[in-house]
Amino acid sequence: MSARSREGRLEVVVALALATGVACVAYDPAGPPVPSLEGPWSATIAVGFDNQVEIHSDTIHAVLSLRDTHYRGRFAGSYQLGAETGAFGGVIRPESTLVVDEFGAPPKPIAAVDTLRHLYPWCDFTLLGTGGLAGRLGPDTLKADGQATLPCFYSQYGQEAQVYTTLTLQIRAVR
């Protein structure tokens, strides 16, 4: 066997080895199949507001319009709270758990939802500390819950006092 023939075979073996190695670490951008949540949803949002000065609870009706993006379990869509509309989206996993990481304008979920800001105007929603809302998808139900902390301001004895407040959201939606 000539040296040139051996080099040719070696190149083929190296190319096959590289291709096989790449195939083992290739990532399917679509991800595994996930349950569908496509369509309109009628939602109730229970809001809890709790600090050392006051406790409130409010219930808000919303309409969610959701669509599957068919990309790594992402879903996207919008919410409507009265006249207000905004983005609503997240990730759903094959076992039907989900995380709503988009609720209002970015970068923080919930911080730019005007309906909530108008309910509690003495609080600074720009400083809202929150992650996504964790939840679960059933055959005809969607549940997502979350908790966040934000500063609220009260006037006491002629001075403004900052009080950290816990904001709790429970979203329950049906098709």
# chains A, B, ... in the order shown; residues from 1 in each chain; ligands from 1
>>> residues_around(residues="A:Thr166", least_positions_apart="6", cutoff="7 Å", atoms="only C-alpha atoms", output="PyMOL selection string")
chain A and resi 49-51+147-150
>>> residues_around(residues="A:Leu119", least_positions_apart="2", cutoff="12 Å", atoms="only C-alpha atoms", output="number ranges by chain")
A: 47-49, 56-60, 113-117, 121-125, 167
>>> select_by_dssp(residues="stretch 42-173 of chain A", states="strand (DSSP E or B)", output="VMD selection string")
chain A and resid 42 to 50 55 to 68 74 to 81 84 to 92 97 to 103 123 129 133 to 137 141 to 156 159 to 173
>>> write_last_selection(atoms="C-alpha atoms", output="PDB file, in the first residue's frame")
ATOM      1  CA  SER A  42     -59.803  32.691  30.602  1.00  0.00           C
ATOM      2  CA  ALA A  43     -57.705  33.505  33.656  1.00  0.00           C
ATOM      3  CA  THR A  44     -58.140  34.691  37.211  1.00  0.00           C
ATOM      4  CA  ILE A  45     -55.159  36.305  38.896  1.00  0.00           C
ATOM      5  CA  ALA A  46     -55.234  36.342  42.692  1.00  0.00           C
ATOM      6  CA  VAL A  47     -52.908  38.997  44.070  1.00  0.00           C
ATOM      7  CA  GLY A  48     -51.659  38.989  47.640  1.00  0.00           C
ATOM      8  CA  PHE A  49     -49.961  42.066  49.063  1.00  0.00           C
ATOM      9  CA  ASP A  50     -48.434  41.750  52.514  1.00  0.00           C
ATOM     10  CA  ILE A  55     -52.414  43.303  53.905  1.00  0.00           C
ATOM     11  CA  HIS A  56     -54.429  43.365  50.668  1.00  0.00           C
ATOM     12  CA  SER A  57     -55.856  40.770  48.337  1.00  0.00           C
ATOM     13  CA  ASP A  58     -57.264  41.456  44.902  1.00  0.00           C
ATOM     14  CA  THR A  59     -58.669  39.334  42.105  1.00  0.00           C
ATOM     15  CA  ILE A  60     -58.202  40.311  38.480  1.00  0.00           C
ATOM     16  CA  HIS A  61     -59.772  38.714  35.401  1.00  0.00           C
ATOM     17  CA  ALA A  62     -57.515  38.264  32.370  1.00  0.00           C
ATOM     18  CA  VAL A  63     -57.571  36.695  28.943  1.00  0.00           C
ATOM     19  CA  LEU A  64     -54.451  34.879  27.758  1.00  0.00           C
ATOM     20  CA  SER A  65     -53.853  34.215  24.062  1.00  0.00           C
ATOM     21  CA  LEU A  66     -51.059  31.659  23.795  1.00  0.00           C
ATOM     22  CA  ARG A  67     -49.251  29.860  20.991  1.00  0.00           C
ATOM     23  CA  ASP A  68     -46.620  27.152  20.872  1.00  0.00           C
ATOM     24  CA  ARG A  74     -41.146  27.923  24.441  1.00  0.00           C
ATOM     25  CA  PHE A  75     -44.621  29.372  24.316  1.00  0.00           C
ATOM     26  CA  ALA A  76     -45.491  32.980  23.618  1.00  0.00           C
ATOM     27  CA  GLY A  77     -48.529  35.153  23.503  1.00  0.00           C
ATOM     28  CA  SER A  78     -50.251  37.983  25.256  1.00  0.00           C
ATOM     29  CA  TYR A  79     -52.434  38.879  28.206  1.00  0.00           C
ATOM     30  CA  GLN A  80     -55.328  41.292  28.361  1.00  0.00           C
ATOM     31  CA  LEU A  81     -56.311  42.884  31.684  1.00  0.00           C
ATOM     32  CA  GLU A  84     -54.142  46.699  29.076  1.00  0.00           C
ATOM     33  CA  THR A  85     -52.331  44.183  26.896  1.00  0.00           C
ATOM     34  CA  GLY A  86     -48.813  42.851  27.064  1.00  0.00           C
ATOM     35  CA  ALA A  87     -46.512  39.918  26.484  1.00  0.00           C
ATOM     36  CA  PHE A  88     -47.034  36.586  28.254  1.00  0.00           C
ATOM     37  CA  GLY A  89     -44.727  33.635  27.600  1.00  0.00           C
ATOM     38  CA  GLY A  90     -42.400  31.043  29.005  1.00  0.00           C
ATOM     39  CA  VAL A  91     -41.200  27.460  28.782  1.00  0.00           C
ATOM     40  CA  ILE A  92     -43.140  24.223  29.110  1.00  0.00           C
ATOM     41  CA  THR A  97     -44.434  21.789  34.284  1.00  0.00           C
ATOM     42  CA  LEU A  98     -43.919  25.324  33.103  1.00  0.00           C
ATOM     43  CA  VAL A  99     -42.267  28.619  33.949  1.00  0.00           C
ATOM     44  CA  VAL A 100     -43.799  31.951  32.932  1.00  0.00           C
ATOM     45  CA  ASP A 101     -40.757  34.175  32.470  1.00  0.00           C
ATOM     46  CA  GLU A 102     -42.459  36.891  30.430  1.00  0.00           C
ATOM     47  CA  PHE A 103     -45.410  38.780  31.916  1.00  0.00           C
ATOM     48  CA  CYS A 123     -44.873  50.863  45.612  1.00  0.00           C
ATOM     49  CA  GLY A 129     -37.319  41.381  42.620  1.00  0.00           C
ATOM     50  CA  LEU A 133     -43.836  32.048  37.840  1.00  0.00           C
ATOM     51  CA  ALA A 134     -43.670  28.271  38.314  1.00  0.00           C
ATOM     52  CA  GLY A 135     -46.657  26.242  37.227  1.00  0.00           C
ATOM     53  CA  ARG A 136     -48.288  23.231  35.700  1.00  0.00           C
ATOM     54  CA  LEU A 137     -50.407  22.539  32.622  1.00  0.00           C
ATOM     55  CA  THR A 141     -56.087  24.160  33.064  1.00  0.00           C
ATOM     56  CA  LEU A 142     -52.994  26.276  33.476  1.00  0.00           C
ATOM     57  CA  LYS A 143     -51.645  27.189  36.912  1.00  0.00           C
ATOM     58  CA  ALA A 144     -48.720  29.498  37.651  1.00  0.00           C
ATOM     59  CA  ASP A 145     -47.632  30.935  40.994  1.00  0.00           C
ATOM     60  CA  GLY A 146     -44.941  33.339  42.030  1.00  0.00           C
ATOM     61  CA  GLN A 147     -43.772  35.615  44.763  1.00  0.00           C
ATOM     62  CA  ALA A 148     -41.744  38.797  44.615  1.00  0.00           C
ATOM     63  CA  THR A 149     -40.469  41.515  46.898  1.00  0.00           C
ATOM     64  CA  LEU A 150     -40.730  45.232  46.252  1.00  0.00           C
ATOM     65  CA  PRO A 151     -40.337  48.422  48.287  1.00  0.00           C
ATOM     66  CA  CYS A 152     -43.421  50.433  49.183  1.00  0.00           C
ATOM     67  CA  PHE A 153     -43.379  53.913  50.687  1.00  0.00           C
ATOM     68  CA  TYR A 154     -45.509  55.233  53.541  1.00  0.00           C
ATOM     69  CA  SER A 155     -45.583  58.610  55.206  1.00  0.00           C
ATOM     70  CA  GLN A 156     -45.243  58.306  58.975  1.00  0.00           C
ATOM     71  CA  GLN A 159     -41.229  61.192  57.134  1.00  0.00           C
ATOM     72  CA  GLU A 160     -41.304  58.698  54.336  1.00  0.00           C
ATOM     73  CA  ALA A 161     -40.662  55.112  55.387  1.00  0.00           C
ATOM     74  CA  GLN A 162     -39.695  52.341  53.000  1.00  0.00           C
ATOM     75  CA  VAL A 163     -41.313  48.995  53.769  1.00  0.00           C
ATOM     76  CA  TYR A 164     -40.460  45.808  51.906  1.00  0.00           C
ATOM     77  CA  THR A 165     -43.581  44.066  50.698  1.00  0.00           C
ATOM     78  CA  THR A 166     -44.301  40.548  49.503  1.00  0.00           C
ATOM     79  CA  LEU A 167     -46.374  40.371  46.339  1.00  0.00           C
ATOM     80  CA  THR A 168     -47.867  36.952  45.593  1.00  0.00           C
ATOM     81  CA  LEU A 169     -49.534  35.998  42.299  1.00  0.00           C
ATOM     82  CA  GLN A 170     -51.615  32.926  41.570  1.00  0.00           C
ATOM     83  CA  ILE A 171     -52.775  32.553  37.986  1.00  0.00           C
ATOM     84  CA  ARG A 172     -55.519  30.018  37.267  1.00  0.00           C
ATOM     85  CA  ALA A 173     -56.661  29.715  33.659  1.00  0.00           C
TER      86      ALA A 173
END
>>> atom_distance(atom1="atom CA of A:Gly131", atom2="atom CA of A:Pro109")
7.0 Å
>>> decode(residues="stretch 96-167 of chain A", atoms="C-alpha atoms", output="short mmCIF file (atom, residue, chain, number, x, y, z; two decimals), in the first residue's frame")
data_model
loop_
_atom_site.label_atom_id
_atom_site.label_comp_id
_atom_site.auth_asym_id
_atom_site.auth_seq_id
_atom_site.Cartn_x
_atom_site.Cartn_y
_atom_site.Cartn_z
CA SER A 96 -46.26 19.53 31.83
CA THR A 97 -44.43 21.79 34.28
CA LEU A 98 -43.92 25.32 33.10
CA VAL A 99 -42.27 28.62 33.95
CA VAL A 100 -43.80 31.95 32.93
CA ASP A 101 -40.76 34.18 32.47
CA GLU A 102 -42.46 36.89 30.43
CA PHE A 103 -45.41 38.78 31.92
CA GLY A 104 -45.40 42.39 30.76
CA ALA A 105 -42.52 44.30 29.23
CA PRO A 106 -38.98 42.93 29.75
CA PRO A 107 -36.64 42.64 31.56
CA LYS A 108 -38.52 41.59 34.73
CA PRO A 109 -41.74 39.60 34.75
CA ILE A 110 -44.61 41.50 36.40
CA ALA A 111 -42.69 44.78 36.93
CA ALA A 112 -44.34 46.56 33.98
CA VAL A 113 -47.89 45.24 34.37
CA ASP A 114 -49.72 48.57 34.69
CA THR A 115 -52.84 47.06 36.25
CA LEU A 116 -50.78 45.92 39.24
CA ARG A 117 -48.90 49.21 39.41
CA HIS A 118 -52.21 51.09 39.57
CA LEU A 119 -53.50 48.85 42.37
CA TYR A 120 -50.47 49.69 44.52
CA PRO A 121 -49.22 53.12 43.35
CA TRP A 122 -47.23 53.72 46.55
CA CYS A 123 -44.87 50.86 45.61
CA ASP A 124 -41.89 50.99 43.28
CA PHE A 125 -42.42 48.21 40.74
CA THR A 126 -39.20 49.11 38.94
CA LEU A 127 -37.38 47.57 41.93
CA LEU A 128 -39.49 44.41 41.90
CA GLY A 129 -37.32 41.38 42.62
CA THR A 130 -38.78 38.32 40.94
CA GLY A 131 -38.01 35.33 38.84
CA GLY A 132 -40.50 33.44 36.73
CA LEU A 133 -43.84 32.05 37.84
CA ALA A 134 -43.67 28.27 38.31
CA GLY A 135 -46.66 26.24 37.23
CA ARG A 136 -48.29 23.23 35.70
CA LEU A 137 -50.41 22.54 32.62
CA GLY A 138 -53.37 20.19 32.89
CA PRO A 139 -55.65 19.02 30.08
CA ASP A 140 -57.73 22.22 30.22
CA THR A 141 -56.09 24.16 33.06
CA LEU A 142 -52.99 26.28 33.48
CA LYS A 143 -51.64 27.19 36.91
CA ALA A 144 -48.72 29.50 37.65
CA ASP A 145 -47.63 30.93 40.99
CA GLY A 146 -44.94 33.34 42.03
CA GLN A 147 -43.77 35.61 44.76
CA ALA A 148 -41.74 38.80 44.62
CA THR A 149 -40.47 41.51 46.90
CA LEU A 150 -40.73 45.23 46.25
CA PRO A 151 -40.34 48.42 48.29
CA CYS A 152 -43.42 50.43 49.18
CA PHE A 153 -43.38 53.91 50.69
CA TYR A 154 -45.51 55.23 53.54
CA SER A 155 -45.58 58.61 55.21
CA GLN A 156 -45.24 58.31 58.97
CA TYR A 157 -44.87 61.25 61.32
CA GLY A 158 -43.91 63.54 58.45
CA GLN A 159 -41.23 61.19 57.13
CA GLU A 160 -41.30 58.70 54.34
CA ALA A 161 -40.66 55.11 55.39
CA GLN A 162 -39.70 52.34 53.00
CA VAL A 163 -41.31 49.00 53.77
CA TYR A 164 -40.46 45.81 51.91
CA THR A 165 -43.58 44.07 50.70
CA THR A 166 -44.30 40.55 49.50
CA LEU A 167 -46.37 40.37 46.34
#
